[in-house]
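J.: Next comes the structure file target.txt, holding compact mmCIF, C-alpha atoms and all ligand atoms.
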# COMPACT_ATOMS: atom_id res chain seq x y z
CA MET A 1 115.83 4.09 -53.05
CA SER A 2 117.17 5.13 -56.40
CA TYR A 3 117.32 8.84 -57.15
CA LYS A 4 116.82 10.34 -60.56
CA ASN A 5 119.82 11.99 -62.16
CA PHE A 6 118.53 15.08 -63.96
CA PRO A 7 120.09 16.87 -66.89
CA MET A 8 119.96 20.66 -66.77
CA VAL A 9 120.27 23.44 -69.29
CA PRO A 10 124.07 23.81 -69.45
CA ARG A 11 124.15 27.43 -70.65
CA VAL A 12 121.92 30.37 -69.92
CA ILE A 13 122.27 34.07 -70.58
CA TYR A 14 120.04 36.50 -68.69
CA GLY A 15 119.36 40.19 -69.09
CA ARG A 16 117.28 42.81 -70.86
CA GLY A 17 118.67 43.01 -74.37
CA SER A 18 120.66 39.76 -74.08
CA PHE A 19 118.82 38.59 -77.23
CA ASN A 20 121.26 40.81 -79.15
CA GLN A 21 124.03 38.34 -78.28
CA LEU A 22 122.31 35.39 -79.95
CA GLY A 23 124.50 35.62 -83.06
CA ASP A 24 127.72 35.48 -81.05
CA ILE A 25 126.38 32.58 -79.02
CA ILE A 26 125.36 30.35 -81.91
CA SER A 27 128.03 31.11 -84.51
CA PRO A 28 130.67 28.73 -83.01
CA LYS A 29 128.07 25.97 -83.24
CA ARG A 30 127.69 26.24 -87.00
CA LEU A 31 128.69 22.92 -88.58
CA ASN A 32 129.50 24.38 -92.00
CA ILE A 33 128.19 27.19 -94.17
CA TYR A 34 125.71 24.86 -95.88
CA ALA A 35 124.22 23.58 -92.63
CA PRO A 36 121.69 26.20 -91.62
CA PHE A 37 120.33 27.26 -88.30
CA ILE A 38 116.55 26.99 -88.35
CA PHE A 39 114.69 29.67 -86.42
CA LEU A 40 111.23 28.52 -85.36
CA ILE A 41 109.46 31.72 -84.44
CA ASP A 42 105.96 32.42 -83.15
CA ASP A 43 104.10 34.07 -86.01
CA VAL A 44 102.91 36.79 -83.66
CA PHE A 45 106.33 38.34 -84.44
CA LYS A 46 105.93 38.21 -88.21
CA GLY A 47 106.41 41.73 -89.54
CA ASN A 48 107.59 43.01 -86.16
CA PRO A 49 110.94 44.68 -86.99
CA TRP A 50 111.84 45.20 -83.32
CA LEU A 51 112.38 41.46 -83.06
CA THR A 52 112.88 40.19 -86.60
CA LEU A 53 115.66 42.63 -87.55
CA ARG A 54 117.71 41.24 -84.69
CA ILE A 55 117.51 37.59 -85.79
CA PRO A 56 121.13 36.74 -86.61
CA LEU A 57 120.67 35.13 -90.03
CA ALA A 58 123.70 34.05 -92.08
CA TYR A 59 124.42 31.78 -95.06
CA GLU A 60 121.50 29.41 -95.62
CA ASP A 61 119.76 30.02 -92.29
CA ARG A 62 116.00 29.89 -92.38
CA VAL A 63 113.15 31.43 -90.48
CA ILE A 64 110.00 29.36 -90.15
CA TYR A 65 107.05 31.19 -88.61
CA VAL A 66 104.75 28.93 -86.66
CA SER A 67 101.31 29.66 -85.29
CA SER A 68 100.78 28.99 -81.59
CA LYS A 69 97.00 29.15 -81.85
CA GLU A 70 96.94 25.44 -81.17
CA GLU A 71 99.21 23.41 -78.94
CA PRO A 72 101.96 21.50 -80.75
CA LYS A 73 101.08 18.23 -82.41
CA THR A 74 103.21 15.21 -83.22
CA SER A 75 102.20 15.48 -86.89
CA GLN A 76 103.35 19.11 -86.93
CA VAL A 77 106.76 18.04 -85.63
CA ASP A 78 106.98 15.35 -88.31
CA SER A 79 106.22 17.72 -91.16
CA LEU A 80 108.67 20.35 -89.88
CA VAL A 81 111.37 17.70 -89.64
CA GLU A 82 110.66 16.46 -93.15
CA ASP A 83 110.82 19.96 -94.53
CA ILE A 84 114.08 20.72 -92.73
CA ILE A 85 115.76 17.49 -93.89
CA LEU A 86 114.64 18.03 -97.48
CA LYS A 87 115.97 21.56 -97.62
CA SER A 88 119.23 21.14 -95.66
CA LYS A 89 121.16 18.52 -97.60
CA GLN A 90 124.40 19.13 -95.69
CA GLY A 91 122.85 18.82 -92.26
CA THR A 92 121.39 21.31 -89.84
CA SER A 93 123.49 23.33 -87.40
CA GLY A 94 120.77 23.89 -84.86
CA ILE A 95 117.19 24.77 -84.01
CA ILE A 96 116.39 28.05 -82.30
CA GLY A 97 112.88 28.33 -80.84
CA ILE A 98 111.63 31.87 -80.20
CA GLY A 99 108.21 32.06 -78.55
CA GLY A 100 106.14 30.66 -75.71
CA GLY A 101 105.77 27.11 -74.46
CA THR A 102 104.21 26.05 -77.74
CA ILE A 103 107.20 27.06 -79.84
CA LEU A 104 109.77 25.98 -77.24
CA ASP A 105 108.29 22.48 -77.12
CA LEU A 106 108.19 22.30 -80.91
CA ALA A 107 111.84 23.32 -81.11
CA LYS A 108 112.84 20.67 -78.59
CA ALA A 109 110.86 17.96 -80.36
CA VAL A 110 112.12 18.88 -83.84
CA SER A 111 115.73 18.84 -82.64
CA ILE A 112 115.18 15.31 -81.30
CA LEU A 113 113.41 13.97 -84.39
CA LEU A 114 116.23 15.23 -86.61
CA THR A 115 118.54 12.61 -85.09
CA ASN A 116 116.06 9.88 -84.18
CA GLU A 117 114.22 7.87 -86.79
CA GLY A 118 110.49 7.33 -86.88
CA GLU A 119 107.72 9.69 -85.90
CA ALA A 120 107.29 12.06 -83.00
CA LYS A 121 104.47 9.99 -81.52
CA ASP A 122 106.92 7.08 -81.05
CA TYR A 123 108.79 9.13 -78.47
CA GLN A 124 105.89 10.36 -76.33
CA GLY A 125 106.64 8.91 -72.93
CA TRP A 126 109.65 8.52 -70.69
CA ASP A 127 113.20 7.92 -71.88
CA LEU A 128 112.39 6.56 -75.32
CA VAL A 129 114.85 8.82 -77.18
CA LYS A 130 118.03 6.98 -78.24
CA ASN A 131 120.27 9.60 -79.84
CA PRO A 132 121.24 13.08 -78.64
CA ALA A 133 119.26 15.86 -80.31
CA ILE A 134 120.90 18.44 -82.52
CA TYR A 135 121.99 21.71 -80.89
CA HIS A 136 118.87 23.54 -79.74
CA VAL A 137 118.34 26.95 -78.22
CA GLY A 138 115.25 28.28 -76.42
CA VAL A 139 114.32 31.95 -76.33
CA PRO A 140 111.11 32.43 -74.31
CA THR A 141 108.97 35.44 -75.20
CA ILE A 142 106.28 34.85 -72.56
CA SER A 143 106.88 33.60 -69.04
CA GLY A 144 105.31 30.90 -66.93
CA THR A 145 105.40 27.40 -68.37
CA GLY A 146 108.95 26.56 -67.38
CA ALA A 147 109.31 24.88 -70.80
CA GLU A 148 112.62 26.75 -71.14
CA VAL A 149 114.13 24.67 -68.38
CA SER A 150 112.18 21.40 -68.40
CA ARG A 151 113.08 17.91 -69.57
CA THR A 152 109.90 17.50 -71.57
CA ALA A 153 108.38 18.61 -74.86
CA VAL A 154 104.61 18.30 -74.48
CA LEU A 155 102.85 17.16 -77.66
CA THR A 156 99.36 16.15 -78.62
CA GLY A 157 99.48 12.94 -80.61
CA PRO A 158 96.85 10.76 -82.24
CA GLU A 159 96.19 8.91 -79.00
CA LYS A 160 97.43 11.05 -76.18
CA LYS A 161 98.76 14.33 -74.96
CA LEU A 162 102.11 13.42 -73.50
CA GLY A 163 105.60 14.84 -73.45
CA ILE A 164 108.81 13.57 -74.94
CA ASN A 165 110.55 13.23 -71.59
CA SER A 166 114.22 12.49 -72.02
CA ASP A 167 117.72 13.49 -71.06
CA TYR A 168 118.13 14.86 -74.60
CA THR A 169 115.09 17.13 -74.42
CA PRO A 170 116.46 20.12 -72.43
CA PHE A 171 117.88 23.02 -74.40
CA ASP A 172 121.64 23.33 -74.87
CA GLN A 173 121.30 27.06 -74.47
CA VAL A 174 118.58 29.37 -73.16
CA VAL A 175 118.38 33.11 -73.69
CA LEU A 176 116.39 34.80 -70.94
CA ASP A 177 115.66 38.33 -72.11
CA PRO A 178 112.64 39.62 -70.16
CA GLU A 179 112.25 42.55 -72.54
CA LEU A 180 110.99 40.11 -75.17
CA THR A 181 107.83 39.66 -73.08
CA LYS A 182 106.86 43.34 -73.04
CA ASP A 183 103.98 43.11 -75.52
CA VAL A 184 102.22 40.03 -74.18
CA PRO A 185 98.48 40.83 -73.87
CA THR A 186 97.21 41.03 -70.28
CA ASN A 187 94.94 38.00 -70.39
CA GLN A 188 97.64 35.77 -71.86
CA TRP A 189 100.18 37.18 -69.40
CA PHE A 190 97.86 36.13 -66.60
CA TYR A 191 97.08 32.63 -67.94
CA THR A 192 100.68 31.68 -68.64
CA GLY A 193 101.85 33.39 -65.43
CA MET A 194 99.30 31.35 -63.48
CA ASP A 195 100.77 28.19 -64.98
CA CYS A 196 103.88 29.06 -62.99
CA TYR A 197 101.87 29.89 -59.87
CA ILE A 198 100.00 26.58 -60.14
CA HIS A 199 103.28 24.68 -60.64
CA CYS A 200 104.41 26.15 -57.31
CA VAL A 201 101.21 25.32 -55.43
CA GLU A 202 101.08 21.78 -56.80
CA SER A 203 104.74 21.15 -56.11
CA LEU A 204 104.81 22.71 -52.63
CA THR A 205 101.69 20.91 -51.38
CA GLY A 206 102.55 17.58 -53.00
CA THR A 207 103.67 14.40 -51.31
CA TYR A 208 106.75 14.27 -53.56
CA LEU A 209 108.09 17.49 -52.08
CA ASN A 210 111.75 17.56 -51.07
CA ALA A 211 114.21 20.33 -50.22
CA PHE A 212 115.39 20.59 -53.81
CA SER A 213 111.89 21.29 -55.10
CA GLN A 214 110.91 23.38 -52.13
CA THR A 215 113.71 25.90 -52.42
CA TYR A 216 112.86 26.56 -56.07
CA GLY A 217 109.11 26.46 -55.40
CA ASP A 218 109.30 28.88 -52.46
CA THR A 219 111.28 31.36 -54.54
CA ALA A 220 108.91 31.18 -57.48
CA LEU A 221 105.83 31.45 -55.28
CA GLN A 222 107.19 34.52 -53.53
CA LEU A 223 107.90 36.15 -56.90
CA CYS A 224 104.38 35.32 -58.13
CA LYS A 225 102.87 36.96 -55.05
CA GLU A 226 104.90 40.12 -55.67
CA ILE A 227 104.06 40.22 -59.37
CA PHE A 228 100.37 39.43 -59.17
CA LEU A 229 99.36 40.95 -55.83
CA GLU A 230 101.59 43.91 -55.03
CA ASP A 231 101.14 47.38 -56.47
CA HIS A 232 104.63 48.83 -56.43
CA VAL A 233 106.20 46.47 -58.98
CA SER A 234 107.02 48.31 -62.21
CA SER A 235 106.21 46.60 -65.48
CA SER A 236 109.83 45.96 -66.39
CA GLU A 237 110.53 44.65 -62.91
CA ALA A 238 107.50 42.40 -63.19
CA GLN A 239 108.76 41.05 -66.55
CA ASP A 240 112.17 40.31 -65.02
CA LYS A 241 110.64 38.63 -62.00
CA LEU A 242 108.13 36.52 -63.91
CA MET A 243 110.85 35.20 -66.20
CA MET A 244 112.81 34.02 -63.17
CA ALA A 245 109.66 32.71 -61.45
CA SER A 246 108.97 30.59 -64.52
CA TRP A 247 112.50 29.18 -64.42
CA HIS A 248 112.30 28.38 -60.70
CA GLY A 249 108.79 26.95 -61.02
CA GLY A 250 110.05 24.65 -63.76
CA MET A 251 113.01 23.59 -61.61
CA SER A 252 110.66 22.94 -58.71
CA ILE A 253 108.52 20.44 -60.61
CA ALA A 254 111.56 18.80 -62.19
CA TYR A 255 112.25 16.95 -58.96
CA SER A 256 108.65 16.67 -57.78
CA GLN A 257 105.46 16.71 -59.86
CA VAL A 258 102.43 18.76 -60.69
CA GLY A 259 98.99 17.75 -59.41
CA VAL A 260 95.21 17.83 -59.76
CA ALA A 261 94.91 21.01 -61.84
CA HIS A 262 97.36 19.75 -64.45
CA ALA A 263 95.80 16.28 -64.61
CA MET A 264 92.33 17.71 -65.23
CA SER A 265 93.55 20.43 -67.54
CA TYR A 266 95.15 17.78 -69.77
CA GLY A 267 91.67 16.28 -70.13
CA LEU A 268 90.21 19.63 -71.26
CA SER A 269 93.06 20.16 -73.64
CA TYR A 270 92.78 16.70 -75.21
CA LEU A 271 89.03 16.84 -75.78
CA LEU A 272 88.36 20.53 -76.32
CA GLY A 273 91.76 21.86 -77.37
CA THR A 274 91.75 24.22 -74.39
CA LYS A 275 95.24 25.70 -74.11
CA HIS A 276 97.41 24.87 -71.15
CA GLY A 277 97.48 28.23 -69.35
CA ILE A 278 93.80 29.08 -69.53
CA GLY A 279 92.84 25.43 -69.00
CA ASN A 280 94.81 25.33 -65.77
CA CYS A 281 93.08 28.52 -64.61
CA ILE A 282 89.61 27.16 -65.43
CA VAL A 283 90.31 23.97 -63.48
CA PHE A 284 92.21 25.53 -60.58
CA ASP A 285 89.36 27.95 -59.89
CA HIS A 286 87.29 24.92 -58.75
CA LEU A 287 89.90 23.10 -56.67
CA GLU A 288 89.38 24.70 -53.23
CA GLU A 289 89.05 21.31 -51.58
CA PHE A 290 92.48 20.21 -52.78
CA TYR A 291 94.36 23.52 -52.58
CA PRO A 292 92.40 25.82 -50.20
CA GLU A 293 95.07 28.50 -49.70
CA GLY A 294 96.37 28.36 -53.25
CA VAL A 295 92.91 28.77 -54.75
CA ALA A 296 91.97 31.62 -52.38
CA LEU A 297 95.06 33.54 -53.47
CA PHE A 298 94.38 32.70 -57.11
CA LYS A 299 90.92 34.25 -56.80
CA GLN A 300 92.48 37.41 -55.35
CA MET A 301 94.91 37.61 -58.25
CA LYS A 302 92.12 37.06 -60.76
CA LYS A 303 90.08 39.84 -59.20
CA LYS A 304 92.96 42.26 -59.02
CA HIS A 305 93.67 41.90 -62.73
CA GLN A 306 89.99 41.76 -63.70
CA ILE A 307 90.32 38.42 -65.40
CA VAL A 308 87.04 36.81 -66.37
CA LEU A 309 87.42 33.10 -67.09
CA PRO A 310 85.15 31.28 -69.52
CA THR A 311 82.37 29.28 -67.86
CA GLY A 312 80.16 26.43 -68.96
CA ILE A 313 82.73 24.92 -71.31
CA CYS A 314 81.71 21.38 -70.27
CA GLU A 315 77.99 22.12 -69.94
CA ASN A 316 76.88 20.46 -73.15
CA LEU A 317 79.29 17.56 -73.19
CA SER A 318 77.93 14.04 -73.38
CA ASP A 319 78.75 11.43 -70.73
CA SER A 320 81.08 9.68 -73.13
CA GLU A 321 82.96 12.91 -73.77
CA ILE A 322 83.30 13.55 -70.06
CA ASP A 323 84.55 9.97 -69.77
CA ILE A 324 87.30 10.69 -72.27
CA MET A 325 88.49 13.62 -70.18
CA ILE A 326 88.35 11.55 -67.00
CA ASN A 327 90.38 8.79 -68.64
CA ILE A 328 93.05 11.24 -69.74
CA ALA A 329 93.17 12.86 -66.31
CA LEU A 330 93.33 9.57 -64.39
CA SER A 331 95.99 8.15 -66.69
CA LEU A 332 98.43 10.69 -65.29
CA GLU A 333 99.05 8.59 -62.20
CA PRO A 334 102.17 10.31 -60.83
CA LEU A 335 100.28 13.61 -60.71
CA TRP A 336 97.55 12.10 -58.53
CA GLU A 337 100.02 10.28 -56.36
CA ASN A 338 101.92 13.51 -55.82
CA ALA A 339 98.72 15.39 -54.99
CA LEU A 340 97.00 12.84 -52.77
CA GLY A 341 99.52 10.20 -51.76
CA LYS A 342 99.92 6.51 -52.54
CA ASN A 343 96.27 5.75 -51.77
CA TRP A 344 94.94 8.27 -54.26
CA LYS A 345 92.81 5.69 -56.03
CA LYS A 346 90.75 5.31 -52.87
CA ILE A 347 90.31 9.06 -52.55
CA ILE A 348 89.53 10.14 -56.07
CA LYS A 349 86.60 8.53 -57.88
CA ARG A 350 85.34 9.07 -61.42
CA GLU A 351 82.13 10.62 -60.07
CA LYS A 352 84.15 13.29 -58.28
CA LEU A 353 85.93 14.26 -61.50
CA LYS A 354 82.67 14.28 -63.38
CA ASP A 355 81.14 16.68 -60.82
CA LEU A 356 84.16 18.94 -61.09
CA TYR A 357 84.19 18.94 -64.89
CA LYS A 358 80.46 19.70 -64.96
CA LYS A 359 81.12 22.88 -62.95
CA MET A 360 83.67 24.19 -65.48
P1 LIG B 401 101.94 29.90 -76.10
O1 LIG B 401 103.32 29.60 -76.51
O2 LIG B 401 100.88 29.01 -76.62
O3 LIG B 401 101.61 31.41 -76.45
C1 LIG B 401 100.40 31.97 -75.99
C2 LIG B 401 100.04 33.20 -76.79
O4 LIG B 401 100.93 34.27 -76.46
C3 LIG B 401 100.15 32.99 -78.29
O5 LIG B 401 99.05 33.62 -78.89
C4 LIG B 401 101.44 33.71 -78.65
O6 LIG B 401 101.42 34.16 -79.97
C5 LIG B 401 101.45 34.84 -77.66
N1 LIG B 401 102.76 35.42 -77.38
C6 LIG B 401 103.90 34.77 -77.00
N2 LIG B 401 104.88 35.66 -76.79
C7 LIG B 401 104.37 36.88 -77.06
C8 LIG B 401 104.90 38.21 -77.02
N3 LIG B 401 106.15 38.44 -76.61
N4 LIG B 401 104.10 39.24 -77.37
C9 LIG B 401 102.80 39.02 -77.73
N5 LIG B 401 102.24 37.78 -77.77
C10 LIG B 401 103.02 36.74 -77.43
O7 LIG B 401 101.76 29.94 -74.52
P2 LIG B 401 102.46 29.32 -73.28
O8 LIG B 401 101.47 29.41 -72.22
O9 LIG B 401 103.81 29.88 -73.06
O10 LIG B 401 102.69 27.80 -73.69
C11 LIG B 401 101.70 26.83 -73.63
C12 LIG B 401 102.28 25.53 -74.13
O11 LIG B 401 103.36 25.16 -73.29
C13 LIG B 401 101.34 24.36 -74.15
O12 LIG B 401 101.45 23.71 -75.39
C14 LIG B 401 101.80 23.47 -73.03
O13 LIG B 401 101.56 22.10 -73.27
C15 LIG B 401 103.27 23.77 -72.99
N6 LIG B 401 103.90 23.55 -71.71
C16 LIG B 401 105.10 22.92 -71.71
C17 LIG B 401 105.77 22.68 -70.54
C18 LIG B 401 107.09 21.99 -70.58
O14 LIG B 401 107.69 21.77 -69.54
N7 LIG B 401 107.59 21.61 -71.72
C19 LIG B 401 105.25 23.12 -69.33
C20 LIG B 401 104.03 23.78 -69.33
C21 LIG B 401 103.38 24.00 -70.54
ZN ZN B 402 101.92 23.76 -66.46
Written as structure tokens, that's how I'd like the structure from this file.
Ligand code: NAD
Ligand code: ZN
T.:
Amino acid sequence: MSYKNFPMVPRVIYGRGSFNQLGDIISPKRLNIYAPFIFLIDDVFKGNPWLTLRIPLAYEDRVIYVSSKEEPKTSQVDSLVEDIILKSKQGTSGIIGIGGGTILDLAKAVSILLTNEGEAKDYQGWDLVKNPAIYHVGVPTISGTGAEVSRTAVLTGPEKKLGINSDYTPFDQVVLDPELTKDVPTNQWFYTGMDCYIHCVESLTGTYLNAFSQTYGDTALQLCKEIFLEDHVSSSEAQDKLMMASWHGGMSIAYSQVGVAHAMSYGLSYLLGTKHGIGNCIVFDHLEEFYPEGVALFKQMKKKHQIVLPTGICENLSDSEIDIMINIALSLEPLWENALGKNWKKIIKREKLKDLYKKM
């Protein structure tokens, strides 16, 4: 048995208002006054002085606003990298991603492609990255994906949706300031929060479970129950707790795996562009037979927060389109093995997935 040796985020600052310390944190990392820091920021913050006036810009530093309407693409990483190289002739001091999973993954991928030749799609997979990335910092503004702590940067490429999984992917620094999440709209709060909840359920019920994953998963699951089911949690307390749940949920799957909901949600996302959080919710809602307790609790949470999920999104798809989704889902073998064990191929048939997709 050979165990994986995981890298972790080496530095993290936590606290409401800790974002104000970003300037002090990054300034020692500046290579020279001509090598800028590049701030990749979700464009939802454009024109929002509460956040933008606190971005610690100096010298040639640049802000690039990025839309998170669509999940990050390999081509988007390539064009950002080209633009950054063209405009920073004396090198780049670092990449600072400020936003949700979309922006965090973009920041990780861009920092890798700045020191590795070729295109982003060449690095989708496991341990394909050769050189350390440039200094990169993650500042989550919505909680749930665990992208702030994970070893992957999930990208949609020309042929597949797959992460750049490498020891160089994790951030060098993360700023956990729960206050930054205060204006997240309720629906999005729920979808991305449920990503964390589903990470916990899939990790804790999986065959890959071990004490490392369980301790993180148990903690995150308990926090999710408090946040999404109890009444006495104040909104700031809920923001604090969800940020830590996301972190722990991410740590839990680091040493185990996700499962059926993620495999099927990747299919939806590849074919229909359904975003990760809502896609997971749409799928998970139909997975009673795999996760009976987890789905029952999910339905309670959904009801409590009056969330109405889209229905019939696969209704008018052709058989060949459904086949594409099934192929994507089944290609994620470790997820199925975690969920159902080594004999998963005997348990899960294409017909089963087709029936499930047709219900969504
Ligand atoms: P997101 O980054 O796509 O953002 C969702 C929405 O919330 C956007 O409209 C955004 O503008 C808005 N938003 C973010 N912060 C806000 C704030 N403070 N106030 C108001 N609006 C705000 O959502 P997400 O769910 O965090 O990320 C999804 C992405 O994360 C997917 O691309 C998925 O593939 C990826 N992901 C990565 C990992 C990983 O380990 N790397 C894990 C899970 C998911
Ligand atoms: Zn997820």
J.: What is the atom C19 of ligand LIG 401 (chain B) to atom CA of A:Leu272 distance in Å?
T.: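 Separation of atom C19 of ligand LIG 401 (chain B) and atom CA of A:Leu272: 18.5 Å.
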J.: In terms of the shortest atom-to-atom distance over only C-alpha atoms, which of A:Glu288, A:Glu237, A:Asp355, A:Glu333 is closest to A:Thr181?
T.: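 Distance minimum relative to A:Thr181 lands on A:Glu237.
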J.: Please report, as JSON lines, each residue of stretch 169-260 of chain A lying at most 8 Å from stretch 117-135 of chain A, together with the nearest pair of atoms and the separation in Å rounded to one decimal; use only C-alpha atoms, and order rows by chain and ascending residue number.
T.:
{"residue": "A:Thr169", "atom": "CA", "partner": "A:Ala133", "partner_atom": "CA", "distance": 7.3}
{"residue": "A:Phe171", "atom": "CA", "partner": "A:Tyr135", "partner_atom": "CA", "distance": 7.8}
{"residue": "A:Asp172", "atom": "CA", "partner": "A:Tyr135", "partner_atom": "CA", "distance": 6.2}
J.: Using all atoms listed in the file, which protein or nucleic acid residues come within 9 Å of A:Glu70? Drop anything in the same chain fewer than 3 positions from it, and give the result as a PyMOL selection string.
T.: chain A and resi 67+73+102+273-275
J.: Since we have the selection now, will you write its residues out, keeping C-alpha atoms, as a short mmCIF file (atom, residue, chain, number, x, y, z; two decimals), in the coordinates of the input?
T.:
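Saved result, selection09.cif, follows:
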data_model
loop_
_atom_site.label_atom_id
_atom_site.label_comp_id
_atom_site.auth_asym_id
_atom_site.auth_seq_id
_atom_site.Cartn_x
_atom_site.Cartn_y
_atom_site.Cartn_z
CA SER A 67 101.31 29.66 -85.29
CA LYS A 73 101.08 18.23 -82.41
CA THR A 102 104.21 26.05 -77.74
CA GLY A 273 91.76 21.86 -77.37
CA THR A 274 91.75 24.22 -74.39
CA LYS A 275 95.24 25.70 -74.11
#
J.: Could you list, as a PDB file with C-alpha atoms, keeping the file's coordinate frame, all protein and nucleic acid residues with an atom at most 8 Å from ligand ZN 402 (chain B), counting all atoms listed in the file?
T.:
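Written file, result.pdb:
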ATOM      1  CA  GLY A 144     105.310  30.900 -66.930  1.00  0.00           C
ATOM      2  CA  THR A 145     105.400  27.400 -68.370  1.00  0.00           C
ATOM      3  CA  GLY A 146     108.950  26.560 -67.380  1.00  0.00           C
ATOM      4  CA  ASP A 195     100.770  28.190 -64.980  1.00  0.00           C
ATOM      5  CA  CYS A 196     103.880  29.060 -62.990  1.00  0.00           C
ATOM      6  CA  ILE A 198     100.000  26.580 -60.140  1.00  0.00           C
ATOM      7  CA  HIS A 199     103.280  24.680 -60.640  1.00  0.00           C
ATOM      8  CA  VAL A 258     102.430  18.760 -60.690  1.00  0.00           C
ATOM      9  CA  HIS A 262      97.360  19.750 -64.450  1.00  0.00           C
ATOM     10  CA  HIS A 276      97.410  24.870 -71.150  1.00  0.00           C
ATOM     11  CA  GLY A 277      97.480  28.230 -69.350  1.00  0.00           C
ATOM     12  CA  ASN A 280      94.810  25.330 -65.770  1.00  0.00           C
TER      13      ASN A 280
END
J.: Quick one: residues within 10 Å of A:Phe45, all atoms listed in the file counted, chain neighbours fewer than 3 positions away excluded, as a list in words?
T.: Ile41, Asp42, Asn48, Pro49, Trp50, Leu51, Thr52, Tyr65, Val66, Ile98 and Gly99 of chain A
J.: Residues within 6 Å of ligand LIG 401 (chain B), counting all atoms listed in the file: report them as JSON, numbers by chain.
T.: {"A": [42, 44, 68, 69, 71, 72, 99, 100, 101, 102, 103, 105, 141, 142, 145, 146, 147, 150, 152, 153, 154, 180, 181, 183, 184, 188, 192, 276, 277]}
J.: Would you put the residues from that selection into a file with C-alpha atoms, as a JSON list (two decimals), keeping the file's coordinate frame?
T.:
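Output saved as again02.json:
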[["chain", "number", "residue", "atom", "x", "y", "z"],
["A", 42, "ASP", "CA", 105.96, 32.42, -83.15],
["A", 44, "VAL", "CA", 102.91, 36.79, -83.66],
["A", 68, "SER", "CA", 100.78, 28.99, -81.59],
["A", 69, "LYS", "CA", 97.00, 29.15, -81.85],
["A", 71, "GLU", "CA", 99.21, 23.41, -78.94],
["A", 72, "PRO", "CA", 101.96, 21.50, -80.75],
["A", 99, "GLY", "CA", 108.21, 32.06, -78.55],
["A", 100, "GLY", "CA", 106.14, 30.66, -75.71],
["A", 101, "GLY", "CA", 105.77, 27.11, -74.46],
["A", 102, "THR", "CA", 104.21, 26.05, -77.74],
["A", 103, "ILE", "CA", 107.20, 27.06, -79.84],
["A", 105, "ASP", "CA", 108.29, 22.48, -77.12],
["A", 141, "THR", "CA", 108.97, 35.44, -75.20],
["A", 142, "ILE", "CA", 106.28, 34.85, -72.56],
["A", 145, "THR", "CA", 105.40, 27.40, -68.37],
["A", 146, "GLY", "CA", 108.95, 26.56, -67.38],
["A", 147, "ALA", "CA", 109.31, 24.88, -70.80],
["A", 150, "SER", "CA", 112.18, 21.40, -68.40],
["A", 152, "THR", "CA", 109.90, 17.50, -71.57],
["A", 153, "ALA", "CA", 108.38, 18.61, -74.86],
["A", 154, "VAL", "CA", 104.61, 18.30, -74.48],
["A", 180, "LEU", "CA", 110.99, 40.11, -75.17],
["A", 181, "THR", "CA", 107.83, 39.66, -73.08],
["A", 183, "ASP", "CA", 103.98, 43.11, -75.52],
["A", 184, "VAL", "CA", 102.22, 40.03, -74.18],
["A", 188, "GLN", "CA", 97.64, 35.77, -71.86],
["A", 192, "THR", "CA", 100.68, 31.68, -68.64],
["A", 276, "HIS", "CA", 97.41, 24.87, -71.15],
["A", 277, "GLY", "CA", 97.48, 28.23, -69.35]]
J.: With distances taken over all atoms listed in the file, which residue among A:Ser79, A:Glu202, A:Pro10, A:Lys359 lies nearest A:Pro292?
T.: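 Looking at the shortest contact to A:Pro292, the residue is A:Glu202.
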J.: Which polymer residues, protein or nucleic acid, are no farther than 6 Å from (111.2, 15.0, -55.4), counting all atoms listed in the file, as a list of chain:residue names?
T.: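 Output: A:Tyr208, A:Leu209, A:Asn210, A:Tyr255, A:Ser256.
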J.: Tell me which of A:Met251, A:Phe19, A:Asn5, A:Ile26 sits closest to A:Ala211, counting only C-alpha atoms.
T.: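 Nearest candidate to A:Ala211 out of A:Met251, A:Phe19, A:Asn5, A:Ile26: A:Met251.
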J.: In Å, with one decimal, what is the gap from atom CA of A:Gln173 to atom CA of A:Gly138?
T.: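 It comes out at 6.5 Å.
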J.: Enclose stretch 134-141 of chain A, meaning all of its atoms listed in the file, in a box aligned along x, y and z, pad it by 4 Å on each side, and list the centre and edge lengths in Å to one decimal, as lines of an AutoDock Vina configuration file.
T.:
center_x = 115.5
center_y = 26.9
center_z = -78.4
size_x = 21.0
size_y = 25.0
size_z = 16.2
J.: I'd like to know which of A:Val283, A:Ile348, A:Leu229, A:Ala107 is closest to A:Trp336, using only C-alpha atoms.
T.: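 Smallest distance to A:Trp336 is found for A:Ile348.
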J.: Can you measure atom CA of A:Val175 to atom CA of A:Gly279 for me? One decimal in Å is fine.
T.: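 We find that atom CA of A:Val175 and atom CA of A:Gly279 lie 27.1 Å from each other.
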J.: Which polymer residues have any atom within 8 Å of an atom of A:Tyr270, counting all atoms listed in the file, with same-chain residues fewer than 4 positions away left out, as a ChimeraX atom specification?
T.: /A:156,160-161,266,274,325,328
J.: With C-alpha atoms retained, could you export that selection as a PDB file, in the coordinates of the input?
T.:
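Saved the output as out.pdb:
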ATOM      1  CA  THR A 156      99.360  16.150 -78.620  1.00  0.00           C
ATOM      2  CA  LYS A 160      97.430  11.050 -76.180  1.00  0.00           C
ATOM      3  CA  LYS A 161      98.760  14.330 -74.960  1.00  0.00           C
ATOM      4  CA  TYR A 266      95.150  17.780 -69.770  1.00  0.00           C
ATOM      5  CA  THR A 274      91.750  24.220 -74.390  1.00  0.00           C
ATOM      6  CA  MET A 325      88.490  13.620 -70.180  1.00  0.00           C
ATOM      7  CA  ILE A 328      93.050  11.240 -69.740  1.00  0.00           C
TER       8      ILE A 328
END
